[in-house]
Protein chains: 2
Amino acid sequence: MDGQTVDLTALMQDIGQRARAASARLAVTTPEQRVAGLRAAAFALRADAATILDANARDMAAGQAKGLTPALLDRLRLDEGRLEAIAKGLEDVADLPDPLGAVMADWTRPNGLRIQRVRVPLGVIGIIYESRPNVTADAGGLCVKSGNAAILRGGSESLHSSSTIVTAMRRGLVEGGLPADAVQLVPTTDRAAVGILLTMTDFVDVIIPRGGKSLTARVAAESRVPVIKHLDGICHVYLDRAADPAKGRAIALNAKMRRTGICGAMETLLVHRDVAAAQLPALIEDLVGVGCEVRGDATVQALDARVLPADDADWDTEYLDAILSVKVVEGVDEAIAHIERHGSHHTDSIVTEDAATAERFLARVDSGIVLWNASTQFADGGEFGFGAEIGISTGKLHARGPVGAEQLTSYKYVVRGDGQTRP
Amino acid sequence: MDGQTVDLTALMQDIGQRARAASARLAVTTPEQRVAGLRAAAFALRADAATILDANARDMAAGQAKGLTPALLDRLRLDEGRLEAIAKGLEDVADLPDPLGAVMADWTRPNGLRIQRVRVPLGVIGIIYESRPNVTADAGGLCVKSGNAAILRGGSESLHSSSTIVTAMRRGLVEGGLPADAVQLVPTTDRAAVGILLTMTDFVDVIIPRGGKSLTARVAAESRVPVIKHLDGICHVYLDRAADPAKGRAIALNAKMRRTGICGAMETLLVHRDVAAAQLPALIEDLVGVGCEVRGDATVQALDARVLPADDADWDTEYLDAILSVKVVEGVDEAIAHIERHGSHHTDSIVTEDAATAERFLARVDSGIVLWNASTQFADGGEFGFGAEIGISTGKLHARGPVGAEQLTSYKYVVRGDGQTRP
């Protein structure tokens with residue numbers, strides 16, 4: 001290893017050790033201390049507004065010079081309104097129900113041993129995300145609320161902004177009685193730092209990638225630390241034979257077009273053959289009217305000349321755009337089979353007035369979120385009442401669906417006896 | 001790839017596809033069907049006793065020719081009594097409370113959406129274990145009870161025994177109305193099959209290695225599928241200044257010597273300096289008397305000439321043998337720090353009559369199981385009342401501590417609405 005690599009390894013090891021020490025202290029803080037620390041962090045963000053916005057201006061200038069797309073620049077940009085929203089977000093996280101210490105189960109064995117399963121923090125959480133300064137505060141705050149130390153690795157274009165945000169947050173946490181190292185930012189844009197973070201199994205308990213497919217794929221491929229991952233959201237709405245036309249039309253339009261860039265957006269609409277002719281034309285009219293490109297199979301194309309042909313690749317594509325693929329199916333079982341074959345186990349919805357068909361769909365579709373007569377765009381921690389989320393897990397282990405403060409916890413078994421030995 | 005590798009890949013892909021299909025069917029079976037299938041599997045094991053014992057005789061002969069150690073041969077060996085115990089074990093698993101379908105949470109949002117978190121199977125579980133035929137039935141049964149399809153990869157020396165056991169189980173499962181592919185055995189001793197299994201992320205939801213350190217380490221290093229792992233158990237007992245001498249003596253002796261080869265066995269005893277002279281001599285007498293080698297620091301050696309010197313490596317060693325390292329500490333905080341530095345976050349116990357000290361230990365020791373005035377050998381799913389376990393997780397994600405049927409489940413969010421769209 002050349003000198004720089006050695007230095008980088010030492011830097012990351014130091015960050016890991018600090019995080020581990022901070023997590024041990026956080027684990028025994030009181031709920032009141034964590035609330036006070038997060039509220040003080042919000043106050044510090046407001047107090048440092050000028051510094052943070054100045055740093056963000058430098059990031060923006062560099063980003064423009066670098067030729068970032070308008071979308072990426074918009075994600076990077078802060079202003080007083082957005083900074084206030086970030087501070088308010090920290091206060092909202094502070095006010096969430098405390099997830100720690102809850103006794104999840106409590107029983108006594110015949111030998112008198114009393115066993116309790118108690119909720120505890122995960123420990124140290126590494127979060128790898130794109131150049132979005134708001135994630136720095138959101139993710140750090142959610143980790144602290146759940147008693148975890150956070151190691152944040154944001155996109156390189158946001159380093160100045162994130163550094164000033166973390167500096168302010170740490171000052172606030174300390175004022176609230178929490179360790180400063182509860183929130184650390186990797187202070188380099190060297191991508192090798194990510195590779196090191198992903199192998200620090202002694203210091204990091206879980207890695208959460210928050211970003212696009214390529215980021216998540218790299219993390220999943222390289223990480224030796226367990227990952228809570230958010231893969232793509234190929235979400236479906238199935239209009240059943242017994243679908244209420246008005247509900248179906250409103251739900252499908254909302255699921256696709258409310259926001260096309262979020263993981264809970266519908267990408268494929270499945271329609272029962274018996275209602276395709278009756279329900280699709282009005283819906284296609286709505287979609288085309290708001291600028292959505294509709295791709296369909298032969299039956300769908302026959303219903304509206306503006307429908308483009310869908311090919312096999314469409315059924316496996318997360319457009320994240322104003323594009324919808326539409327397929328006619330023979331019934332709920334074909335819909336379920338299509339979702340199993342082409343979906344991403346994220347969020348899928350059925351529109352029907354037939355309870356038996358709905359329950360069959362809800363039971364057999366193997367996705368983190370299954371809905372009956374509701375839009376897939378409700379796939380969101382806030383909409384679930386979690387207050388804040390760090391992402392939506394498409395995995396089945398540990399956390400599935402929206403990942404909020406409670407999903408950032410583990411548990412331990414606390415066993416109290418009076419001298420029991422095992423026969 | 002040469003022809004054999006291609007064939008092996010195709011073989012594993014076929015197993016994966018069968019398992020995925022079986023898991024979809026299992027997920028919608030009734031509790032009664034799973035009970036019936038497991039009971040029929042137990043019946044089939046008894047009916048095939050002659051075939052199974054004959055196959056085991058061949059495995060034993062090959063194992064002896066291969067020069068397996070007596071310990072390994074004993075793990076491999078079946079007889080009528082052991083086979084009956086395996087069948088009875090399947091019936092016990094059948095009679096466990098059904099873990100599926102439970103509504104873990106149920107709330108209604110202001111917009112009228114009713115959200116339920118419902119317990120569902122994980123899907124497909126790959127289990128990699130040593131040449132222990134009993135694990136074939138135990139692990140397969142626990143997976144089926146929790147609605148999961150199992151892909152079993154046992155040690156090569158047990159292939160004939162495990163094949164006949166799985167053949168019988170599959171016949172029973174079908175009689176009970178379950179898919180035969182709910183339990184599959186990898187029918188080759190080619191180690192490359194494990195490498196393929198660890199990368200089948202489309203077909204396998206979780207890998208559980210059940211065996212020694214080298215096996216677990218290989219799986220953790222190679223697996224692209226999430227792993228529930230069981231690393232080593234460097235377990236501690238801390239005799240506090242306020243320890244009841246009789247309790248401490250009995251607990252320490254039991255924690256070390258009841259069974260020295262299990263992960264919950266104590267490997268290091270920590271003793272408060274103020275009670276070392278009063279409590280250690282009798283305990284050392286007990287330990288030496290039953291053939292335990294005692295290694296200690298200078299203070300401990302001074303108390304008994306039979307105590308050998310402990311070096312730094314001892315504090316990090318899982319002996320799994322009649323060897324104990326003993327260290328004198330200044331108090332509970334030094335004990336907690338030692339456990340954090342040298343322990344494996346598995347199981348640790350404090351002996352004290354001082355409730356405040358006990359609660360400090362229970363709160364601050366970051367292990368899956370923490371005990372007060374009880375032996376570490378209670379670290380066992382059966383002792384916890386889980387009925388059966390597939391191992392003890394030393395990880396913090398998903399499952400921590402004993403992994404029973406409930407820990408082999410995930411959840412999904414079932415959301416019922418009446419046409420809601422997201423504003």
# chains A, B, ... in the order shown; residues from 1 in each chain; ligands from 1
$ select_by_dssp --residues "region 100-144 of chain A" --states "strand (DSSP E or B)" --output "list in words"
Val103, Met104, Ala105, Asp106, Trp107, Thr108, Arg114, Ile115, Gln116, Arg117, Val118, Arg119, Val120, Pro121, Val124, Ile125, Gly126, Ile127, Ile128 and Tyr129 of chain A
$ residues_around --residues "Ser223 (chain B)" --least-positions-apart "6" --cutoff "12 Å" --atoms "only C-alpha atoms" --output "ChimeraX atom specification"
/A:220-226 /B:126,128,194-201,204-209,215-217,229
$ closest_residue --among "B:Thr421, B:Asn373, B:Gln13, B:Thr268" --to "Ile339 (chain B)" --atoms "only C-alpha atoms"
B:Thr268
$ closest_residue --among "B:Val28, B:Ala50, B:Val329, B:Ala65" --to "chain A" --atoms "only C-alpha atoms"
B:Val28
$ residues_around --residues "region 180-186 of chain B" --least-positions-apart "5" --cutoff "10 Å" --atoms "only C-alpha atoms" --output "JSON, numbers by chain"
{"B": [11, 12, 15, 16, 17, 18, 19, 20, 21, 22, 23, 24, 25, 26, 37, 124, 125, 126, 127, 128, 136, 137, 139, 140, 141, 143, 144, 147, 148, 149, 150, 151, 152, 153, 154, 159, 162, 163, 165, 166, 167, 169, 170, 171, 172, 173, 174, 175, 193, 194, 197]}
$ atom_distance --atom1 "CA of Tyr411 (chain B)" --atom2 "CA of Val120 (chain B)"
4.9 Å
$ atom_distance --atom1 "CA of Gly248 (chain B)" --atom2 "CA of Leu231 (chain B)"
27.0 Å
